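Next comes work12.pdb, with PDB, C-alpha atoms.
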ATOM      1  CA  LYS S 106      96.007 107.105  78.351
ATOM      2  CA  LEU S 107      95.118 109.904  80.675
ATOM      3  CA  CYS S 108      97.323 110.397  83.674
ATOM      4  CA  PRO S 109      95.673 109.338  86.945
ATOM      5  CA  GLY S 110      94.889 112.077  89.388
ATOM      6  CA  PRO S 111      92.708 115.155  89.643
ATOM      7  CA  THR S 112      91.759 117.306  86.667
ATOM      8  CA  TYR S 113      91.773 121.088  87.022
ATOM      9  CA  ILE S 114      90.066 123.732  84.909
ATOM     10  CA  CYS S 115      91.657 127.170  85.192
ATOM     11  CA  ARG S 116      89.710 129.782  83.270
ATOM     12  CA  ASN S 117      91.118 132.771  81.406
ATOM     13  CA  GLY S 118      91.311 136.170  82.979
ATOM     14  CA  VAL S 119      92.103 139.654  81.683
ATOM     15  CA  ASP S 120      94.387 142.365  83.001
ATOM     16  CA  LEU S 121      91.616 144.929  83.495
ATOM     17  CA  PRO S 122      93.801 148.062  83.999
ATOM     18  CA  ARG S 123      95.435 147.432  80.610
ATOM     19  CA  PHE S 124      91.999 147.843  79.023
ATOM     20  CA  ASP S 125      91.373 151.256  80.567
ATOM     21  CA  VAL S 126      92.142 153.049  77.308
ATOM     22  CA  HIS S 127      90.668 156.298  76.048
ATOM     23  CA  ARG S 128      88.004 155.916  73.353
ATOM     24  CA  PRO S 129      87.742 159.225  71.469
ATOM     25  CA  PRO S 130      84.276 160.534  70.552
ATOM     26  CA  ARG S 131      83.293 160.349  66.879
ATOM     27  CA  ASP S 132      80.288 160.869  64.629
ATOM     28  CA  HIS S 133      79.994 157.300  63.365
ATOM     29  CA  MET S 134      79.743 153.744  64.664
ATOM     30  CA  THR S 135      82.319 151.062  63.986
ATOM     31  CA  VAL S 136      81.864 147.299  64.006
ATOM     32  CA  GLY S 137      85.033 145.521  65.096
ATOM     33  CA  TRP S 138      86.453 142.054  64.533
ATOM     34  CA  ALA S 139      89.793 140.560  65.551
ATOM     35  CA  GLY S 140      91.226 137.174  64.743
ATOM     36  CA  ALA S 141      93.763 134.961  63.049
ATOM     37  CA  THR S 142      93.497 132.501  60.161
ATOM     38  CA  GLY S 143      91.305 130.046  62.079
ATOM     39  CA  HIS S 144      88.720 132.760  62.687
ATOM     40  CA  VAL S 145      88.346 133.863  59.059
ATOM     41  CA  GLY S 146      85.880 131.147  57.956
ATOM     42  CA  PRO S 147      83.330 131.781  60.730
ATOM     43  CA  MET S 148      83.483 135.538  60.151
ATOM     44  CA  LEU S 149      82.852 135.060  56.436
ATOM     45  CA  GLU S 150      79.874 132.846  57.316
ATOM     46  CA  TRP S 151      78.420 135.690  59.357
ATOM     47  CA  LEU S 152      79.208 138.210  56.631
ATOM     48  CA  ASN S 153      77.494 136.126  53.953
ATOM     49  CA  GLY S 154      74.688 135.076  56.297
ATOM     50  CA  GLY S 155      73.105 138.512  56.547
ATOM     51  CA  MET S 156      75.671 140.717  58.241
ATOM     52  CA  GLY S 157      76.930 142.042  54.927
ATOM     53  CA  ASP S 158      73.426 143.296  54.150
ATOM     54  CA  VAL S 159      73.230 145.064  57.513
ATOM     55  CA  LEU S 160      76.587 146.800  56.953
ATOM     56  CA  ARG S 161      75.766 147.696  53.365
ATOM     57  CA  ALA S 162      72.477 149.336  54.354
ATOM     58  CA  ARG S 163      74.153 151.698  56.820
ATOM     59  CA  GLU S 164      76.509 153.969  54.930
ATOM     60  CA  ASP S 165      77.613 155.739  58.123
ATOM     61  CA  VAL S 166      78.860 152.520  59.772
ATOM     62  CA  ARG S 167      82.491 151.477  59.454
ATOM     63  CA  PHE S 168      84.325 148.194  59.995
ATOM     64  CA  SER S 169      87.596 147.662  61.851
ATOM     65  CA  CYS S 170      89.584 144.485  61.193
ATOM     66  CA  VAL S 171      92.424 143.465  63.504
ATOM     67  CA  GLY S 172      94.630 140.557  62.470
ATOM     68  CA  ALA S 173      93.746 138.472  59.409
ATOM     69  CA  GLU S 174      93.549 140.834  56.453
ATOM     70  CA  GLU S 175      91.282 138.438  54.502
ATOM     71  CA  VAL S 176      88.291 139.551  56.573
ATOM     72  CA  GLY S 177      88.950 143.241  55.960
ATOM     73  CA  LYS S 178      89.219 142.612  52.230
ATOM     74  CA  ALA S 179      85.994 140.576  52.192
ATOM     75  CA  VAL S 180      84.084 143.295  54.066
ATOM     76  CA  ALA S 181      85.564 145.950  51.743
ATOM     77  CA  GLN S 182      84.083 144.095  48.771
ATOM     78  CA  VAL S 183      80.663 144.429  50.410
ATOM     79  CA  ILE S 184      80.743 148.019  51.730
ATOM     80  CA  GLY S 185      83.729 149.634  49.999
ATOM     81  CA  LYS S 186      87.330 149.960  51.149
ATOM     82  CA  ASP S 187      86.851 153.564  52.323
ATOM     83  CA  ARG S 188      84.709 152.270  55.218
ATOM     84  CA  VAL S 189      87.142 149.542  56.324
ATOM     85  CA  SER S 190      90.310 149.866  58.401
ATOM     86  CA  TRP S 191      92.834 147.128  59.030
ATOM     87  CA  THR S 192      95.359 146.741  61.826
ATOM     88  CA  PRO S 193      97.924 143.969  61.256
ATOM     89  CA  PHE S 194      98.996 141.472  63.887
ATOM     90  CA  SER S 195     100.991 143.214  66.599
ATOM     91  CA  ALA S 196     102.262 142.675  70.125
ATOM     92  CA  PHE S 197      99.606 141.335  72.466
ATOM     93  CA  GLU S 198     100.176 144.288  74.807
ATOM     94  CA  THR S 199      98.914 146.711  72.151
ATOM     95  CA  TYR S 200      95.720 144.778  71.478
ATOM     96  CA  PRO S 201      93.401 146.968  73.636
ATOM     97  CA  SER S 202      94.509 150.070  71.744
ATOM     98  CA  SER S 203      93.706 148.425  68.422
ATOM     99  CA  MET S 204      90.086 147.994  69.550
ATOM    100  CA  VAL S 205      89.390 151.577  70.670
ATOM    101  CA  ASP S 206      87.659 152.533  67.423
ATOM    102  CA  ALA S 207      85.002 149.814  67.781
ATOM    103  CA  ASP S 208      81.526 150.310  69.217
ATOM    104  CA  VAL S 209      80.404 146.694  68.762
ATOM    105  CA  MET S 210      82.676 143.640  68.580
ATOM    106  CA  LEU S 211      81.998 140.366  66.774
ATOM    107  CA  ALA S 212      83.034 136.906  67.994
ATOM    108  CA  PRO S 213      81.917 134.229  65.530
ATOM    109  CA  ALA S 214      83.117 130.645  65.917
ATOM    110  CA  GLY S 215      83.011 127.389  64.014
ATOM    111  CA  ASN S 216      81.895 123.919  65.010
ATOM    112  CA  GLY S 217      85.235 122.121  64.588
ATOM    113  CA  LYS S 218      87.383 120.734  67.390
ATOM    114  CA  TRP S 219      89.646 123.785  67.292
ATOM    115  CA  HIS S 220      86.746 126.141  67.967
ATOM    116  CA  ARG S 221      85.157 123.843  70.544
ATOM    117  CA  GLY S 222      88.428 123.940  72.471
ATOM    118  CA  LYS S 223      88.673 127.737  72.466
ATOM    119  CA  SER S 224      88.227 129.903  75.506
ATOM    120  CA  ASP S 225      85.931 132.928  75.699
ATOM    121  CA  LEU S 226      88.851 135.379  75.521
ATOM    122  CA  ARG S 227      87.338 137.515  72.747
ATOM    123  CA  TRP S 228      84.288 138.211  74.881
ATOM    124  CA  LEU S 229      86.470 138.889  77.936
ATOM    125  CA  GLU S 230      88.565 141.432  76.032
ATOM    126  CA  ALA S 231      85.553 143.256  74.580
ATOM    127  CA  SER S 232      83.892 143.267  78.003
ATOM    128  CA  ALA S 233      87.050 144.649  79.628
ATOM    129  CA  LEU S 234      86.705 147.621  77.267
ATOM    130  CA  GLY S 235      83.009 147.941  78.063
ATOM    131  CA  LEU S 236      82.070 147.020  74.488
ATOM    132  CA  PRO S 237      79.052 144.916  73.543
ATOM    133  CA  CYS S 238      80.166 141.725  71.818
ATOM    134  CA  ILE S 239      77.949 139.565  69.616
ATOM    135  CA  CYS S 240      79.157 136.040  70.285
ATOM    136  CA  ASP S 241      78.651 132.592  68.816
ATOM    137  CA  SER S 242      76.693 130.628  71.422
ATOM    138  CA  ARG S 243      78.822 127.494  70.901
ATOM    139  CA  THR S 244      82.037 129.068  72.200
ATOM    140  CA  TYR S 245      80.657 131.905  74.317
ATOM    141  CA  PRO S 246      77.556 130.551  76.120
ATOM    142  CA  GLU S 247      77.996 132.901  79.090
ATOM    143  CA  ALA S 248      78.261 136.085  77.032
ATOM    144  CA  GLY S 249      75.522 138.676  77.208
ATOM    145  CA  ILE S 250      74.706 138.752  73.489
ATOM    146  CA  VAL S 251      74.782 135.315  71.844
ATOM    147  CA  ALA S 252      73.721 134.126  68.397
ATOM    148  CA  ASP S 253      72.978 130.568  67.302
ATOM    149  CA  THR S 254      73.064 131.332  63.554
ATOM    150  CA  PRO S 255      74.594 133.894  61.165
ATOM    151  CA  ALA S 256      71.110 135.328  60.556
ATOM    152  CA  GLU S 257      70.598 135.843  64.277
ATOM    153  CA  ALA S 258      74.018 137.506  64.562
ATOM    154  CA  ALA S 259      73.017 139.888  61.762
ATOM    155  CA  ARG S 260      69.749 140.722  63.520
ATOM    156  CA  LEU S 261      71.592 141.383  66.795
ATOM    157  CA  LEU S 262      74.073 143.651  65.009
ATOM    158  CA  GLU S 263      71.180 145.566  63.488
ATOM    159  CA  THR S 264      69.725 146.080  66.967
ATOM    160  CA  CYS S 265      73.073 147.284  68.353
ATOM    161  CA  LEU S 266      73.453 149.783  65.522
ATOM    162  CA  ASP S 267      69.856 150.996  65.827
ATOM    163  CA  GLU S 268      70.016 151.332  69.612
ATOM    164  CA  PRO S 269      73.598 152.357  70.486
ATOM    165  CA  ASP S 270      72.690 153.478  74.027
ATOM    166  CA  ILE S 271      71.314 150.025  74.880
ATOM    167  CA  ALA S 272      74.332 148.372  73.241
ATOM    168  CA  GLU S 273      76.644 150.525  75.362
ATOM    169  CA  GLN S 274      74.751 149.493  78.489
ATOM    170  CA  ASP S 275      75.181 145.835  77.482
ATOM    171  CA  GLY S 276      78.930 146.398  77.167
ATOM    172  CA  MET S 277      79.190 147.966  80.609
ATOM    173  CA  LEU S 278      77.094 145.157  82.118
ATOM    174  CA  SER S 279      79.496 142.632  80.584
ATOM    175  CA  ARG S 280      82.437 144.483  82.145
ATOM    176  CA  LYS S 281      80.710 144.257  85.529
ATOM    177  CA  GLN S 282      79.914 140.586  84.874
ATOM    178  CA  ILE S 283      83.540 139.569  84.291
ATOM    179  CA  ILE S 284      84.611 141.382  87.452
ATOM    180  CA  GLU S 285      81.921 139.716  89.560
ATOM    181  CA  ALA S 286      82.690 136.308  88.023
ATOM    182  CA  GLY S 287      86.370 136.545  88.989
ATOM    183  CA  ARG S 288      87.637 136.724  85.399
ATOM    184  CA  THR S 289      90.263 139.406  86.009
ATOM    185  CA  PHE S 290      93.958 138.559  86.446
ATOM    186  CA  PRO S 291      94.184 138.700  90.262
ATOM    187  CA  ASP S 292      91.181 136.413  90.728
ATOM    188  CA  ALA S 293      92.032 134.120  87.811
ATOM    189  CA  ALA S 294      95.573 133.670  89.144
ATOM    190  CA  GLU S 295      94.197 132.241  92.396
ATOM    191  CA  GLN S 296      92.846 129.234  90.452
ATOM    192  CA  TRP S 297      96.406 128.056  89.822
ATOM    193  CA  ARG S 298      97.419 127.696  93.459
ATOM    194  CA  GLU S 299      96.044 124.206  93.945
ATOM    195  CA  PRO S 300      97.168 122.714  90.572
ATOM    196  CA  LEU S 301     100.674 124.113  91.122
ATOM    197  CA  GLY S 302     100.757 123.064  94.759
ATOM    198  CA  LEU S 303     101.223 126.606  96.026
TER     199      LEU S 303
END
So that I can check it, write out the structure of this file as structure tokens.
Amino acid sequence: KLCPGPTYICRNGVDLPRFDVHRPPRDHMTVGWAGATGHVGPMLEWLNGGMGDVLRAREDVRFSCVGAEEVGKAVAQVIGKDRVSWTPFSAFETYPSSMVDADVMLAPAGNGKWHRGKSDLRWLEASALGLPCICDSRTYPEAGIVADTPAEAARLLETCLDEPDIAEQDGMLSRKQIIEAGRTFPDAAEQWREPLGL
């Protein structure tokens, strides 16, 4: 039985200053993905649903995997291990620095209960860095770039890689969006006053 009384929804927020990290200039683009074991299956669906073809066709594009090594290994089988980097799980505080090599982030999701209960944190983190993030529409309906299918995600990635200036603008718009929507720590913390009786 549910407890009687009001129900509160307190949304995630990000510590924006922690994401003000330096992104060094480089002569290539990098597609980034970060996740744990539960995120591997959806990423492999995207990879096998057309994204692998997009990455394979662009020999100058690299892939950065943060977290579950299985994804990095799967991408390496498609485009070669010399174009893939992997950063193992580390302290949450270092997470922004592990994303600085990416130009486009990926946020696939599944249709199970676990994924339906997830927050939009991946999109928030990418947006805090000013990075465009291609998101699964089931978990990230408010994101700027959403895909309903793996094929659509692949097409969106192709567009981001072909038009990096527009992709960069999308990332900066998402950063502005999370600020205006009150998704940064100071604003998000205010949501807890009433549930905690403060």
Edge lengths and centre in Å to one decimal, as lines of an AutoDock Vina configuration file, of the axis-aligned box that encloses all listed atoms of segment 113-122 of chain S with 3 Å added on every side?
center_x = 92.0
center_y = 134.6
center_z = 84.2
size_x = 10.7
size_y = 33.0
size_z = 11.6
Proximity of segment 197-269 of chain S to segment 125-129 of chain S: per-residue shortest pair, 7 Å limit, all atoms listed in the file, as a Markdown table:
| residue | atom | partner | partner_atom | distance |
| --- | --- | --- | --- | --- |
| S:Ser202 | CA | S:Val126 | CA | 6.7 |
| S:Val205 | CA | S:Arg128 | CA | 5.3 |
| S:Asp206 | CA | S:Arg128 | CA | 6.8 |
| S:Leu234 | CA | S:Asp125 | CA | 6.8 |
### Query
What lies within 8 Å of Pro255 of chain S using all atoms listed in the file, ignoring chain neighbours under 4 positions off, as a list in words?
Glu150, Trp151, Leu152, Gly154, Gly155, Met156 and Ala259 of chain S
Atoms to include: C-alpha atoms. Write the selected residues as a tab-separated table (two decimals), in the frame of the given file.
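Saved as out.tsv:
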chain	number	residue	atom	x	y	z
S	150	GLU	CA	79.87	132.85	57.32
S	151	TRP	CA	78.42	135.69	59.36
S	152	LEU	CA	79.21	138.21	56.63
S	154	GLY	CA	74.69	135.08	56.30
S	155	GLY	CA	73.10	138.51	56.55
S	156	MET	CA	75.67	140.72	58.24
S	259	ALA	CA	73.02	139.89	61.76
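With the shown file loaded, the PyMOL selection byres ((chain S and resi 240) around 10) picks out Met210, Leu211, Ala212, Pro213, Ala214, Asp225, Arg227, Trp228, Pro237, Cys238, Ile239, Asp241, Ser242, Arg243, Thr244, Tyr245, Pro246, Glu247, Ala248, Gly249, Ile250, Val251, Ala252, Asp253, Ala258 and Leu261 of chain S.
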### Task
Rank nothing, just name the residue among S:Trp191, S:Leu266, S:Arg221, S:Ala286 nearest to Asp165 of chain S, using all atoms listed in the file.
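Selected residue with least distance to Asp165 of chain S: S:Leu266.
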### Query
With all atoms listed in the file as the basis for distance, which of S:Ser203, S:Asn153, S:Ser232, S:Thr254 is at the shortest distance from Thr289 of chain S?
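Comparing S:Ser203, S:Asn153, S:Ser232, S:Thr254 against Thr289 of chain S, the winner is S:Ser232.
Comparing the minimum interatomic distances between Ile271 of chain S and each of S:Gly172, S:Pro147, S:Leu301, S:Leu236, counting all atoms listed in the file, we find that S:Leu236 sits nearest.
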### Task
Given the file shown, enumerate the residues that the PyMOL selection byres ((chain S and resi 185) around 12) captures and present them as a list in words.
Gly157, Leu160, Arg161, Arg163, Glu164, Asp165, Val166, Arg167, Phe168, Gly177, Lys178, Ala179, Val180, Ala181, Gln182, Val183, Ile184, Lys186, Asp187, Arg188, Val189 and Ser190 of chain S
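We find atom CA of Gln296 of chain S and atom CA of Cys115 of chain S to be spaced 5.8 Å apart.
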### Query
What does the distance from atom CA of Val145 of chain S to atom CA of Val171 of chain S come to in Å, to one decimal?
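Taking atom CA of Val145 of chain S as the start and atom CA of Val171 of chain S as the end point, the length is 11.3 Å.
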### Query
What is the distance, in Å and to one decimal place, between atom CA of Arg288 of chain S and atom CA of Gly118 of chain S?
4.4 Å
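Distance annotation: of S:Arg123, S:Ser224, S:Val209, S:Asp132, the residue with the minimal separation from Glu268 of chain S is S:Val209; atom set is only C-alpha atoms.
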### Query
Restricting the calculation to only C-alpha atoms, which member of S:Ala256, S:Phe124, S:His144, S:Ala233 is positioned closest to Gly217 of chain S?
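Nearest candidate to Gly217 of chain S out of S:Ala256, S:Phe124, S:His144, S:Ala233: S:His144.
Minimum atom-to-atom distances from S:Pro122, S:Pro130, S:Pro291, S:Pro193 to Ala207 of chain S were compared using all atoms listed in the file, and the lowest value belongs to S:Pro130.
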### Task
Report as a VMD selection string the full result of the PyMOL selection byres ((chain S and resi 114) around 10) when it is applied to this structure.
chain S and resid 112 to 113 115 to 117 296 to 297 300
